[in-house]
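Next comes entry.cif, a file with mmCIF, C-alpha atoms and all ligand atoms.
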data_coords
loop_
_atom_site.label_atom_id
_atom_site.label_comp_id
_atom_site.auth_asym_id
_atom_site.auth_seq_id
_atom_site.Cartn_x
_atom_site.Cartn_y
_atom_site.Cartn_z
CA MET A 15 -3.64 24.33 7.04
CA ASP A 16 -4.12 27.56 5.18
CA TYR A 17 -6.75 27.34 2.44
CA SER A 18 -7.36 31.08 2.27
CA HIS A 19 -6.56 31.32 -1.45
CA VAL A 20 -8.88 28.43 -2.23
CA ARG A 21 -11.59 29.96 -0.06
CA GLY A 22 -11.36 33.24 -1.96
CA VAL A 23 -11.96 31.47 -5.28
CA ASP A 24 -13.98 28.43 -4.38
CA PRO A 25 -15.64 28.19 -0.95
CA GLU A 26 -17.23 24.82 -1.72
CA ILE A 27 -13.86 23.18 -2.29
CA ALA A 28 -12.35 25.05 0.67
CA ASP A 29 -15.10 23.58 2.85
CA ALA A 30 -14.39 20.10 1.51
CA LEU A 31 -10.63 20.45 2.06
CA GLU A 32 -11.14 21.66 5.62
CA GLY A 33 -13.71 18.95 6.16
CA GLU A 34 -11.24 16.30 5.02
CA GLU A 35 -8.51 17.67 7.24
CA ASP A 36 -10.89 17.60 10.22
CA ARG A 37 -12.04 14.12 9.29
CA GLN A 38 -8.44 12.91 9.36
CA ARG A 39 -7.80 14.63 12.69
CA ASN A 40 -10.90 13.28 14.37
CA THR A 41 -11.00 9.70 13.11
CA LEU A 42 -8.58 6.78 13.26
CA ALA A 43 -7.20 5.95 9.79
CA MET A 44 -6.87 2.18 9.83
CA ILE A 45 -7.14 1.47 6.12
CA ALA A 46 -3.94 -0.54 5.72
CA SER A 47 -2.89 1.33 2.56
CA GLU A 48 -3.25 4.80 4.09
CA ASN A 49 -0.95 6.98 6.16
CA HIS A 50 -0.41 10.66 7.04
CA VAL A 51 2.45 12.49 5.32
CA SER A 52 4.32 15.32 7.02
CA GLU A 53 3.53 18.96 6.42
CA ALA A 54 6.87 19.12 4.56
CA VAL A 55 5.65 16.53 2.04
CA LEU A 56 2.29 18.31 1.73
CA GLN A 57 4.06 21.58 0.97
CA ALA A 58 6.28 20.01 -1.67
CA GLN A 59 3.23 18.44 -3.30
CA GLY A 60 1.42 21.77 -3.28
CA SER A 61 4.33 23.62 -4.86
CA ALA A 62 4.72 25.50 -8.16
CA LEU A 63 6.28 22.40 -9.69
CA THR A 64 2.72 21.42 -10.58
CA ASN A 65 3.12 23.96 -13.43
CA LYS A 66 6.19 22.36 -14.94
CA TYR A 67 6.41 20.02 -17.90
CA ALA A 68 9.45 17.78 -17.67
CA GLU A 69 8.89 14.97 -20.16
CA GLY A 70 12.01 12.85 -20.33
CA TYR A 71 14.52 12.24 -17.56
CA PRO A 72 17.03 14.45 -15.69
CA GLY A 73 19.59 15.88 -18.12
CA SER A 74 17.56 14.88 -21.18
CA ARG A 75 14.18 16.60 -21.23
CA TYR A 76 11.86 17.48 -24.08
CA TYR A 77 11.23 20.95 -22.61
CA ALA A 78 13.30 23.96 -21.54
CA GLY A 79 13.38 25.29 -18.00
CA CYS A 80 13.93 21.97 -16.25
CA GLU A 81 16.83 23.03 -14.04
CA TYR A 82 14.91 22.63 -10.75
CA ALA A 83 12.85 19.71 -11.97
CA ASP A 84 16.12 17.90 -12.70
CA GLU A 85 17.47 18.70 -9.26
CA VAL A 86 14.31 17.40 -7.57
CA GLU A 87 14.14 14.19 -9.61
CA GLU A 88 17.86 13.46 -9.18
CA LEU A 89 17.56 13.83 -5.41
CA ALA A 90 14.47 11.60 -5.33
CA ILE A 91 16.34 8.92 -7.32
CA GLU A 92 19.49 9.18 -5.23
CA ARG A 93 17.57 8.86 -1.96
CA ALA A 94 15.48 5.96 -3.25
CA LYS A 95 18.67 4.13 -4.28
CA GLU A 96 19.99 4.62 -0.78
CA LEU A 97 16.75 3.54 0.89
CA TRP A 98 16.26 0.33 -1.07
CA GLY A 99 19.73 -0.38 -2.40
CA ALA A 100 18.53 -0.55 -6.01
CA GLU A 101 20.79 -0.19 -9.06
CA HIS A 102 18.23 1.73 -11.05
CA VAL A 103 15.15 3.66 -9.91
CA ASN A 104 12.34 5.34 -11.79
CA VAL A 105 10.37 7.77 -9.60
CA GLN A 106 7.93 8.95 -12.27
CA PRO A 107 5.04 6.43 -12.03
CA HIS A 108 1.89 8.31 -11.06
CA SER A 109 0.81 5.38 -8.89
CA GLY A 110 1.63 1.80 -8.02
CA THR A 111 -0.62 0.60 -10.83
CA GLN A 112 1.34 2.72 -13.34
CA ALA A 113 4.56 1.30 -11.96
CA ASN A 114 3.28 -2.21 -12.65
CA MET A 115 2.12 -1.11 -16.10
CA GLY A 116 5.65 0.12 -16.77
CA VAL A 117 7.12 -3.28 -15.95
CA TYR A 118 4.59 -5.19 -18.06
CA LEU A 119 5.16 -2.84 -21.01
CA ALA A 120 8.91 -3.21 -20.60
CA VAL A 121 8.99 -7.01 -20.90
CA LEU A 122 5.65 -8.41 -22.06
CA ASP A 123 3.79 -8.45 -25.37
CA PRO A 124 -0.01 -8.58 -25.52
CA GLY A 125 -1.09 -12.19 -24.99
CA ASP A 126 1.93 -13.05 -22.82
CA LYS A 127 1.29 -14.92 -19.61
CA ILE A 128 1.10 -13.56 -16.05
CA LEU A 129 0.96 -15.81 -12.98
CA SER A 130 -0.23 -13.89 -9.92
CA LEU A 131 -2.07 -14.29 -6.62
CA GLU A 132 -5.87 -14.25 -6.80
CA LEU A 133 -7.44 -10.95 -5.69
CA SER A 134 -9.60 -12.55 -2.98
CA HIS A 135 -6.48 -14.18 -1.55
CA GLY A 136 -4.69 -10.85 -1.23
CA GLY A 137 -3.62 -9.97 -4.80
CA HIS A 138 -4.16 -6.65 -6.63
CA LEU A 139 -6.28 -5.52 -9.58
CA SER A 140 -3.13 -4.61 -11.53
CA HIS A 141 -1.89 -8.20 -11.34
CA GLY A 142 -4.32 -9.49 -13.96
CA HIS A 143 -7.88 -8.94 -12.79
CA PRO A 144 -10.42 -9.21 -15.65
CA ALA A 145 -11.68 -5.66 -14.94
CA ASN A 146 -8.13 -4.24 -15.22
CA PHE A 147 -6.10 -3.63 -18.41
CA THR A 148 -3.83 -6.49 -17.34
CA GLY A 149 -6.67 -9.00 -17.45
CA GLN A 150 -7.69 -7.68 -20.86
CA THR A 151 -4.21 -7.59 -22.38
CA TYR A 152 -2.47 -10.67 -21.02
CA GLU A 153 -3.29 -14.29 -20.38
CA VAL A 154 -3.59 -14.68 -16.62
CA GLU A 155 -3.57 -17.58 -14.20
CA GLN A 156 -3.67 -17.18 -10.48
CA TYR A 157 -2.08 -18.92 -7.54
CA HIS A 158 -3.43 -19.10 -4.01
CA VAL A 159 -2.75 -19.17 -0.33
CA ASP A 160 -3.12 -22.47 1.49
CA PRO A 161 -6.72 -22.30 2.82
CA ASP A 162 -5.71 -23.98 6.09
CA THR A 163 -2.73 -21.81 6.98
CA GLY A 164 -3.35 -18.56 5.09
CA TYR A 165 0.29 -18.66 3.87
CA ILE A 166 1.28 -18.62 0.19
CA ASP A 167 1.29 -22.21 -1.04
CA TYR A 168 4.78 -22.11 -2.59
CA ASP A 169 4.77 -25.78 -3.62
CA ALA A 170 1.46 -25.43 -5.44
CA LEU A 171 2.82 -22.25 -7.07
CA ALA A 172 5.86 -24.17 -8.35
CA GLU A 173 3.67 -26.90 -9.84
CA GLN A 174 1.33 -24.37 -11.41
CA ALA A 175 4.24 -22.44 -12.92
CA GLU A 176 5.59 -25.65 -14.45
CA GLU A 177 2.24 -26.31 -16.08
CA PHE A 178 1.28 -22.74 -17.12
CA ASP A 179 4.75 -21.64 -18.23
CA PRO A 180 4.26 -17.92 -17.45
CA ASP A 181 6.33 -15.06 -18.86
CA ILE A 182 6.22 -13.23 -15.55
CA ILE A 183 5.37 -14.21 -11.97
CA VAL A 184 4.03 -11.46 -9.73
CA SER A 185 4.63 -11.52 -5.99
CA GLY A 186 3.76 -8.83 -3.44
CA TYR A 187 0.21 -8.31 -2.21
CA SER A 188 -2.55 -6.05 -0.85
CA ALA A 189 -3.94 -8.10 1.98
CA TYR A 190 -1.25 -10.61 2.93
CA PRO A 191 -0.08 -10.37 6.54
CA ARG A 192 2.97 -12.61 6.34
CA VAL A 193 6.59 -12.35 5.23
CA VAL A 194 6.92 -13.04 1.52
CA GLU A 195 9.68 -15.50 0.70
CA TRP A 196 11.09 -13.70 -2.33
CA GLU A 197 13.83 -16.27 -2.95
CA ARG A 198 11.40 -19.15 -3.20
CA ILE A 199 9.38 -17.29 -5.79
CA GLN A 200 12.54 -16.25 -7.62
CA ASP A 201 13.59 -19.93 -7.77
CA VAL A 202 10.23 -20.82 -9.29
CA ALA A 203 10.52 -17.97 -11.81
CA GLU A 204 14.01 -19.08 -12.84
CA SER A 205 12.93 -22.70 -13.13
CA VAL A 206 10.37 -21.75 -15.81
CA ASP A 207 12.45 -18.94 -17.33
CA ALA A 208 9.97 -16.24 -16.30
CA TYR A 209 10.59 -12.73 -15.03
CA HIS A 210 9.78 -11.99 -11.41
CA LEU A 211 8.00 -8.78 -10.44
CA ALA A 212 7.89 -8.16 -6.69
CA ASP A 213 5.21 -5.54 -6.00
CA ILE A 214 5.98 -4.21 -2.51
CA ALA A 215 3.30 -1.48 -2.67
CA HIS A 216 2.08 -2.12 0.87
CA ILE A 217 5.42 -2.78 2.51
CA THR A 218 7.67 -0.27 0.73
CA GLY A 219 8.47 1.46 4.03
CA LEU A 220 8.91 -1.78 5.97
CA VAL A 221 11.40 -3.00 3.37
CA ALA A 222 13.25 0.34 3.38
CA ALA A 223 13.56 0.15 7.17
CA GLY A 224 14.72 -3.47 7.09
CA VAL A 225 11.78 -4.85 9.07
CA HIS A 226 10.66 -7.00 6.11
CA PRO A 227 13.16 -8.87 3.87
CA SER A 228 13.89 -7.03 0.63
CA PRO A 229 13.31 -8.42 -2.86
CA VAL A 230 15.73 -5.87 -4.32
CA GLY A 231 18.64 -7.81 -5.78
CA ILE A 232 16.48 -10.96 -5.99
CA ALA A 233 13.52 -10.16 -8.25
CA ASP A 234 14.08 -8.66 -11.72
CA PHE A 235 11.69 -5.82 -10.97
CA VAL A 236 10.43 -4.29 -7.74
CA THR A 237 7.52 -1.85 -7.79
CA GLY A 238 6.06 0.12 -4.92
CA SER A 239 3.72 2.81 -3.69
CA THR A 240 5.12 5.87 -1.97
CA HIS A 241 2.11 6.59 0.26
CA LYS A 242 1.41 3.42 2.27
CA THR A 243 4.04 2.35 4.81
CA ILE A 244 6.37 5.12 3.61
CA ARG A 245 5.09 8.69 3.93
CA ALA A 246 6.26 10.23 0.67
CA GLY A 247 2.91 11.19 -0.84
CA ARG A 248 0.74 9.55 -3.46
CA GLY A 249 2.72 7.87 -6.21
CA GLY A 250 4.64 4.88 -7.49
CA ILE A 251 8.22 3.77 -8.01
CA ILE A 252 10.07 1.10 -10.00
CA MET A 253 13.39 -0.45 -9.02
CA THR A 254 15.41 -2.68 -11.29
CA THR A 255 18.89 -3.58 -12.47
CA GLU A 256 21.01 -1.71 -15.04
CA GLU A 257 20.11 -4.47 -17.49
CA HIS A 258 16.43 -3.43 -17.58
CA ALA A 259 16.90 0.28 -16.84
CA ASP A 260 16.35 1.59 -20.36
CA ASP A 261 13.37 -0.64 -21.05
CA VAL A 262 11.66 0.43 -17.83
CA ASP A 263 12.34 4.14 -18.40
CA LYS A 264 10.99 3.96 -21.95
CA ALA A 265 7.97 2.00 -20.79
CA ILE A 266 7.03 4.71 -18.27
CA PHE A 267 7.79 7.60 -20.63
CA PRO A 268 6.71 7.66 -23.40
CA GLY A 269 5.14 4.19 -23.07
CA ALA A 270 2.60 4.62 -20.30
CA GLN A 271 2.72 8.27 -19.24
CA GLY A 272 3.34 11.78 -20.52
CA GLY A 273 4.86 14.45 -18.31
CA PRO A 274 5.76 13.35 -14.79
CA LEU A 275 3.88 14.92 -11.85
CA MET A 276 6.93 16.86 -10.71
CA HIS A 277 5.22 18.23 -7.58
CA ASN A 278 4.63 14.63 -6.51
CA VAL A 279 8.21 13.71 -7.37
CA ALA A 280 9.22 16.54 -5.01
CA GLY A 281 6.95 15.03 -2.33
CA LYS A 282 8.66 11.67 -2.88
CA ALA A 283 12.10 13.27 -2.50
CA VAL A 284 11.13 14.91 0.80
CA GLY A 285 9.44 11.77 2.14
CA PHE A 286 12.46 9.66 1.19
CA LYS A 287 14.74 12.08 3.04
CA GLU A 288 12.57 11.69 6.14
CA ALA A 289 12.70 7.90 5.75
CA LEU A 290 16.50 7.97 5.71
CA GLU A 291 16.49 9.34 9.27
CA PRO A 292 17.03 6.77 12.05
CA GLU A 293 13.58 7.54 13.50
CA PHE A 294 11.98 5.96 10.47
CA GLU A 295 13.34 2.56 11.39
CA GLU A 296 11.77 2.93 14.83
CA TYR A 297 8.54 3.97 13.17
CA ALA A 298 8.50 0.87 10.97
CA GLU A 299 9.29 -1.40 13.92
CA ARG A 300 6.53 0.15 15.98
CA THR A 301 4.09 -0.19 13.08
CA VAL A 302 4.70 -3.96 13.02
CA ALA A 303 4.62 -4.31 16.83
CA ASN A 304 1.32 -2.42 16.84
CA ALA A 305 -0.15 -4.72 14.17
CA LYS A 306 0.87 -7.78 16.17
CA THR A 307 -0.87 -6.30 19.22
CA LEU A 308 -3.98 -5.64 17.17
CA ALA A 309 -4.00 -9.25 15.92
CA GLU A 310 -3.66 -10.52 19.50
CA THR A 311 -6.54 -8.35 20.66
CA PHE A 312 -8.80 -9.81 17.97
CA GLU A 313 -7.75 -13.38 18.72
CA GLU A 314 -8.23 -12.95 22.47
CA ALA A 315 -11.79 -11.86 21.69
CA GLY A 316 -12.36 -15.00 19.61
CA ILE A 317 -12.20 -13.28 16.20
CA GLU A 318 -10.24 -15.37 13.70
CA VAL A 319 -7.18 -13.71 12.23
CA VAL A 320 -6.14 -15.05 8.81
CA SER A 321 -2.83 -16.96 9.12
CA GLY A 322 -3.07 -16.66 12.92
CA GLY A 323 -1.29 -13.32 13.20
CA THR A 324 0.82 -10.88 11.25
CA ASP A 325 4.44 -10.12 10.36
CA ASN A 326 3.74 -6.72 8.85
CA HIS A 327 1.50 -3.67 9.21
CA LEU A 328 -1.87 -5.28 8.59
CA VAL A 329 -4.33 -7.70 10.12
CA LEU A 330 -6.96 -9.57 8.14
CA ALA A 331 -9.85 -10.81 10.28
CA ASP A 332 -12.30 -13.46 9.10
CA LEU A 333 -15.62 -12.80 10.84
CA ARG A 334 -17.29 -16.05 9.75
CA PRO A 335 -16.29 -18.44 12.56
CA SER A 336 -17.15 -16.07 15.43
CA HIS A 337 -19.84 -13.89 13.81
CA PRO A 338 -21.41 -15.96 11.01
CA ASP A 339 -24.25 -13.49 10.43
CA THR A 340 -22.13 -10.33 10.41
CA THR A 341 -20.53 -9.12 7.17
CA GLY A 342 -17.45 -6.99 6.66
CA LYS A 343 -19.63 -4.15 5.35
CA ASP A 344 -21.81 -4.21 8.51
CA VAL A 345 -18.70 -3.76 10.60
CA GLU A 346 -17.09 -1.20 8.26
CA ALA A 347 -20.20 1.01 8.41
CA ALA A 348 -20.64 0.77 12.19
CA LEU A 349 -16.94 1.48 12.79
CA GLU A 350 -17.04 4.47 10.47
CA GLU A 351 -19.88 5.85 12.55
CA ALA A 352 -17.70 5.35 15.62
CA GLY A 353 -14.76 7.17 13.96
CA ILE A 354 -12.65 4.14 13.11
CA VAL A 355 -12.06 3.96 9.36
CA LEU A 356 -11.04 0.62 7.90
CA ASN A 357 -12.31 -1.55 5.08
CA ALA A 358 -14.31 -4.69 4.53
CA ASN A 359 -12.13 -7.22 2.74
CA THR A 360 -12.42 -10.59 1.09
CA VAL A 361 -10.77 -13.47 2.90
CA PRO A 362 -9.22 -16.65 1.47
CA GLY A 363 -12.07 -19.04 0.65
CA GLU A 364 -14.52 -16.14 0.47
CA THR A 365 -18.16 -17.29 0.52
CA ARG A 366 -19.78 -13.85 0.13
CA SER A 367 -19.16 -11.24 -2.58
CA ALA A 368 -16.24 -8.87 -3.17
CA PHE A 369 -18.62 -5.98 -2.44
CA ASN A 370 -19.91 -7.39 0.84
CA PRO A 371 -17.19 -9.77 1.98
CA SER A 372 -16.65 -11.73 5.19
CA GLY A 373 -13.59 -9.99 6.55
CA ILE A 374 -12.13 -6.71 7.68
CA ARG A 375 -8.60 -5.47 7.01
CA ALA A 376 -6.96 -3.14 9.52
CA GLY A 377 -3.57 -1.48 9.33
CA THR A 378 -1.41 0.38 11.82
CA PRO A 379 0.72 2.77 9.66
CA GLY A 380 -1.58 5.77 10.26
CA LEU A 381 -2.02 5.25 14.02
CA THR A 382 1.72 4.72 14.45
CA THR A 383 2.41 8.00 12.66
CA ARG A 384 0.16 9.66 15.25
CA GLY A 385 2.23 8.14 18.06
CA PHE A 386 -0.03 5.26 19.14
CA ASP A 387 1.95 2.73 21.19
CA GLU A 388 1.00 -0.89 21.86
CA ALA A 389 -1.20 -0.03 24.86
CA ALA A 390 -3.15 2.53 22.83
CA VAL A 391 -3.48 0.12 19.90
CA ARG A 392 -4.70 -2.58 22.28
CA GLU A 393 -7.44 -0.23 23.40
CA VAL A 394 -8.36 0.54 19.77
CA GLY A 395 -8.50 -3.21 19.12
CA GLU A 396 -10.86 -3.64 22.06
CA LEU A 397 -13.06 -0.83 20.76
CA ILE A 398 -13.20 -2.53 17.36
CA VAL A 399 -14.20 -5.81 19.02
CA ARG A 400 -17.01 -4.04 20.91
CA VAL A 401 -18.37 -2.69 17.65
CA VAL A 402 -18.04 -6.05 15.89
CA ASP A 403 -20.04 -7.65 18.72
CA ASN A 404 -22.69 -4.90 18.72
CA TYR A 405 -22.59 -3.39 15.23
CA ASP A 406 -26.32 -2.61 15.23
CA ASP A 407 -26.44 -1.09 18.72
CA GLU A 408 -26.48 2.71 18.68
CA GLU A 409 -25.48 3.05 22.34
CA THR A 410 -22.32 1.00 21.86
CA ILE A 411 -21.39 2.98 18.77
CA GLU A 412 -21.91 6.27 20.57
CA SER A 413 -19.80 5.30 23.55
CA VAL A 414 -17.02 3.98 21.30
CA ALA A 415 -17.18 7.22 19.29
CA GLU A 416 -16.65 9.25 22.46
CA ARG A 417 -13.53 7.30 23.37
CA VAL A 418 -12.23 7.50 19.78
CA GLN A 419 -12.53 11.28 19.92
CA GLU A 420 -10.48 11.33 23.14
CA LEU A 421 -7.82 9.12 21.58
CA CYS A 422 -7.67 11.42 18.55
CA ASP A 423 -7.26 14.44 20.83
CA GLU A 424 -4.48 12.68 22.75
CA HIS A 425 -2.64 11.94 19.46
CA PRO A 426 -2.96 15.15 17.46
CA LEU A 427 -2.39 15.36 13.73
CA TYR A 428 -1.42 18.48 11.71
CA GLU A 429 -1.42 20.78 14.76
C1 LIG B 1 -1.89 -0.38 -3.38
C2 LIG B 1 -1.30 -1.38 -4.32
C3 LIG B 1 -0.83 -0.99 -5.57
C4 LIG B 1 -0.87 0.41 -6.08
O1 LIG B 1 -2.06 1.01 -6.10
P1 LIG B 1 -2.26 2.50 -6.63
O2 LIG B 1 -3.55 2.84 -6.02
O3 LIG B 1 -2.30 2.42 -8.11
O4 LIG B 1 -1.11 3.33 -6.15
C5 LIG B 1 -0.20 -1.94 -6.36
N1 LIG B 1 -0.05 -3.19 -5.94
C6 LIG B 1 -0.49 -3.60 -4.75
C7 LIG B 1 -0.24 -5.01 -4.34
C8 LIG B 1 -1.14 -2.71 -3.90
O5 LIG B 1 -1.59 -3.12 -2.72
#
Take the structure in the file and write it out as structure tokens.
Amino acid sequence: MDYSHVRGVDPEIADALEGEEDRQRNTLAMIASENHVSEAVLQAQGSALTNKYAEGYPGSRYYAGCEYADEVEELAIERAKELWGAEHVNVQPHSGTQANMGVYLAVLDPGDKILSLELSHGGHLSHGHPANFTGQTYEVEQYHVDPDTGYIDYDALAEQAEEFDPDIIVSGYSAYPRVVEWERIQDVAESVDAYHLADIAHITGLVAAGVHPSPVGIADFVTGSTHKTIRAGRGGIIMTTEEHADDVDKAIFPGAQGGPLMHNVAGKAVGFKEALEPEFEEYAERTVANAKTLAETFEEAGIEVVSGGTDNHLVLADLRPSHPDTTGKDVEAALEEAGIVLNANTVPGETRSAFNPSGIRAGTPGLTTRGFDEAAVREVGELIVRVVDNYDDEETIESVAERVQELCDEHPLYE
């Protein structure tokens, strides 16, 4: 990409931007929440809309000069409605966390009760973690996955809801490889007269493409990220019904945010347009097929996969049974050296710490964007296994790194 203007002003940042672009080209992005947007989305995000204040919503802004901002936001909303079939969409949240904040502000008062999945079982900070504003503002209890199966324990959730009497139940997760049964959670929410927030941050694209069941039309609120399995650039989104539309819009602006990041809203609009093309459905299907292949590769090598496989774009491996003395961080660091970038992750029933946990999480959205098919992903899985088995052996890491470079060259990015 052309950073000539940056270079003229600020060579240090130009070096870093070029370095990052090269890093992305020459490594395999397997962090499950990451992807590569198109050059069209990058251009929209780098546009002059970054200069524009557009507090308010299309047609009713607090500033003059919003003609093009309105056009961009209206298109983003229209396309999102088409992608997810939602009655009302807010495309202004700066991130998925802000989208969740918008929902909480819309329907909760401080001290109200949130029931959500525990972080180490696959939940998210913004669902009530003590270090997050949610944990500090609301009363939080957490539900769990069944330690034997790795699946959400829906019966235990129903019992817990009965006892805790939450104001909102949060579903949707960061490290959960299975289909979420939205209706079962909706039934629980209705039985205790609680709202249901389905946070589809990770699977926004899979839901849009119809390869994961949709909570839209079931849960009261659906929030998402626009940069994980959908390639619309960094940001968040809220979907809801007409009934809650005003409350959500007021909660985002002026409740939680000031002026929207209109350049990012433009990126969302462009990315949503791309996702409405038939190829996107193929992309989402391939992403899931690739993740299933990756899970198989791990299992064939004797590495335990939480829940025994995956239905979505990510695989969570528990290293303890096969490699009791190897931590997720050991593997993360060795793989990074070999050019495979993923993250150490806690696993259900974690016995180490959140900082140095017992698992690794690997996703296929980025590789699939680069055109990796199942055979190529199988090879990447085998390379990962080699590093897991020999994480402290420099020779292994070097030989894996050489093959990773070849795979990167065979699947170019930002040519
Ligand atoms: C990624 C994620 C979010 C959003 O994170 P941001 O970094 O704020 O965009 C929200 N919820 C879940 C479950 C996530 O995995």
Which residues are near Ala352 of chain A? Cut-off 8 Å, all atoms listed in the file, ignore same chain within fewer than 6 positions. Put them as a VMD selection string.
chain A and resid 411 to 412 414 to 416 418
Can you tell me how far atom CA of Asp344 of chain A sits from atom CA of Tyr405 of chain A, in Å to one decimal?
6.8 Å
Can you pull out every residue with an atom within 7 Å of ligand LIG 1 (chain B)? Use only C-alpha atoms and all ligand atoms and format it as a PDB file with C-alpha atoms, keeping the file's coordinate frame.
ATOM      1  CA  SER A  47      -2.890   1.330   2.560  1.00  0.00           C
ATOM      2  CA  SER A 109       0.810   5.380  -8.890  1.00  0.00           C
ATOM      3  CA  GLY A 110       1.630   1.800  -8.020  1.00  0.00           C
ATOM      4  CA  THR A 111      -0.620   0.600 -10.830  1.00  0.00           C
ATOM      5  CA  GLN A 112       1.340   2.720 -13.340  1.00  0.00           C
ATOM      6  CA  GLY A 137      -3.620  -9.970  -4.800  1.00  0.00           C
ATOM      7  CA  HIS A 138      -4.160  -6.650  -6.630  1.00  0.00           C
ATOM      8  CA  SER A 140      -3.130  -4.610 -11.530  1.00  0.00           C
ATOM      9  CA  GLY A 186       3.760  -8.830  -3.440  1.00  0.00           C
ATOM     10  CA  TYR A 187       0.210  -8.310  -2.210  1.00  0.00           C
ATOM     11  CA  SER A 188      -2.550  -6.050  -0.850  1.00  0.00           C
ATOM     12  CA  ASP A 213       5.210  -5.540  -6.000  1.00  0.00           C
ATOM     13  CA  ILE A 214       5.980  -4.210  -2.510  1.00  0.00           C
ATOM     14  CA  ALA A 215       3.300  -1.480  -2.670  1.00  0.00           C
ATOM     15  CA  HIS A 216       2.080  -2.120   0.870  1.00  0.00           C
ATOM     16  CA  GLY A 238       6.060   0.120  -4.920  1.00  0.00           C
ATOM     17  CA  SER A 239       3.720   2.810  -3.690  1.00  0.00           C
ATOM     18  CA  GLY A 249       2.720   7.870  -6.210  1.00  0.00           C
ATOM     19  CA  GLY A 250       4.640   4.880  -7.490  1.00  0.00           C
TER      20      GLY A 250
END
Set the distance at 9 Å and use all atoms listed in the file: which residues neighbour Ala78 of chain A once local chain neighbours fewer than 2 positions away are removed? I'd like the list as a PDB file with C-alpha atoms, keeping the file's coordinate frame.
ATOM      1  CA  TYR A  67       6.410  20.020 -17.900  1.00  0.00           C
ATOM      2  CA  ALA A  68       9.450  17.780 -17.670  1.00  0.00           C
ATOM      3  CA  ARG A  75      14.180  16.600 -21.230  1.00  0.00           C
ATOM      4  CA  TYR A  76      11.860  17.480 -24.080  1.00  0.00           C
ATOM      5  CA  CYS A  80      13.930  21.970 -16.250  1.00  0.00           C
ATOM      6  CA  GLU A  81      16.830  23.030 -14.040  1.00  0.00           C
TER       7      GLU A  81
END
To one decimal place in Å, what is the distance between atom CA of Arg248 of chain A and atom CA of Lys282 of chain A?
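Value for the atom CA of Arg248 of chain A-atom CA of Lys282 of chain A distance: 8.2 Å.
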List every protein, DNA or RNA residue with an atom no more than 12 Å from (17.6, 6.0, -2.4) in the file's coordinates, counting all atoms listed in the file, and format the result as number ranges by chain.
A: 87-105, 222-223, 251-253, 282-290
What separation in Å, quoted to one decimal, exists between atom CA of Gln419 of chain A and atom CA of Leu56 of chain A?
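One can read the atom CA of Gln419 of chain A to atom CA of Leu56 of chain A distance as 24.5 Å.
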Considering all atoms listed in the file, return as a ChimeraX atom specification whatever protein or nucleic-acid residues lie within 6 Å of segment 294-301 of chain A, sequence-local ones (same chain, fewer than 4 positions apart) excluded.
/A:220,223,289,327,378-379,382
Is there a way to complete segment 280-290 of chain A with N, CA and C atoms and then write that out as an mmCIF file, keeping the file's coordinate frame?
data_model
loop_
_atom_site.group_PDB
_atom_site.id
_atom_site.type_symbol
_atom_site.label_atom_id
_atom_site.label_comp_id
_atom_site.auth_asym_id
_atom_site.auth_seq_id
_atom_site.Cartn_x
_atom_site.Cartn_y
_atom_site.Cartn_z
ATOM 1 N N ALA A 280 8.624 15.765 -6.106
ATOM 2 C CA ALA A 280 9.220 16.540 -5.010
ATOM 3 C C ALA A 280 8.746 15.992 -3.655
ATOM 4 N N GLY A 281 7.470 15.640 -3.561
ATOM 5 C CA GLY A 281 6.950 15.030 -2.330
ATOM 6 C C GLY A 281 7.684 13.728 -2.027
ATOM 7 N N LYS A 282 7.919 12.921 -3.080
ATOM 8 C CA LYS A 282 8.660 11.670 -2.880
ATOM 9 C C LYS A 282 10.060 11.971 -2.325
ATOM 10 N N ALA A 283 10.728 12.945 -2.937
ATOM 11 C CA ALA A 283 12.100 13.270 -2.500
ATOM 12 C C ALA A 283 12.121 13.641 -1.018
ATOM 13 N N VAL A 284 11.169 14.468 -0.600
ATOM 14 C CA VAL A 284 11.130 14.910 0.800
ATOM 15 C C VAL A 284 10.796 13.722 1.716
ATOM 16 N N GLY A 285 9.816 12.940 1.333
ATOM 17 C CA GLY A 285 9.440 11.770 2.140
ATOM 18 C C GLY A 285 10.567 10.758 2.240
ATOM 19 N N PHE A 286 11.324 10.592 1.157
ATOM 20 C CA PHE A 286 12.460 9.660 1.190
ATOM 21 C C PHE A 286 13.535 10.187 2.145
ATOM 22 N N LYS A 287 13.738 11.502 2.111
ATOM 23 C CA LYS A 287 14.740 12.080 3.040
ATOM 24 C C LYS A 287 14.330 11.791 4.481
ATOM 25 N N GLU A 288 13.051 11.987 4.777
ATOM 26 C CA GLU A 288 12.570 11.690 6.140
ATOM 27 C C GLU A 288 12.782 10.207 6.477
ATOM 28 N N ALA A 289 12.581 9.346 5.479
ATOM 29 C CA ALA A 289 12.700 7.900 5.750
ATOM 30 C C ALA A 289 14.150 7.463 5.925
ATOM 31 N N LEU A 290 15.086 8.302 5.507
ATOM 32 C CA LEU A 290 16.500 7.970 5.710
ATOM 33 C C LEU A 290 16.966 8.302 7.125
#
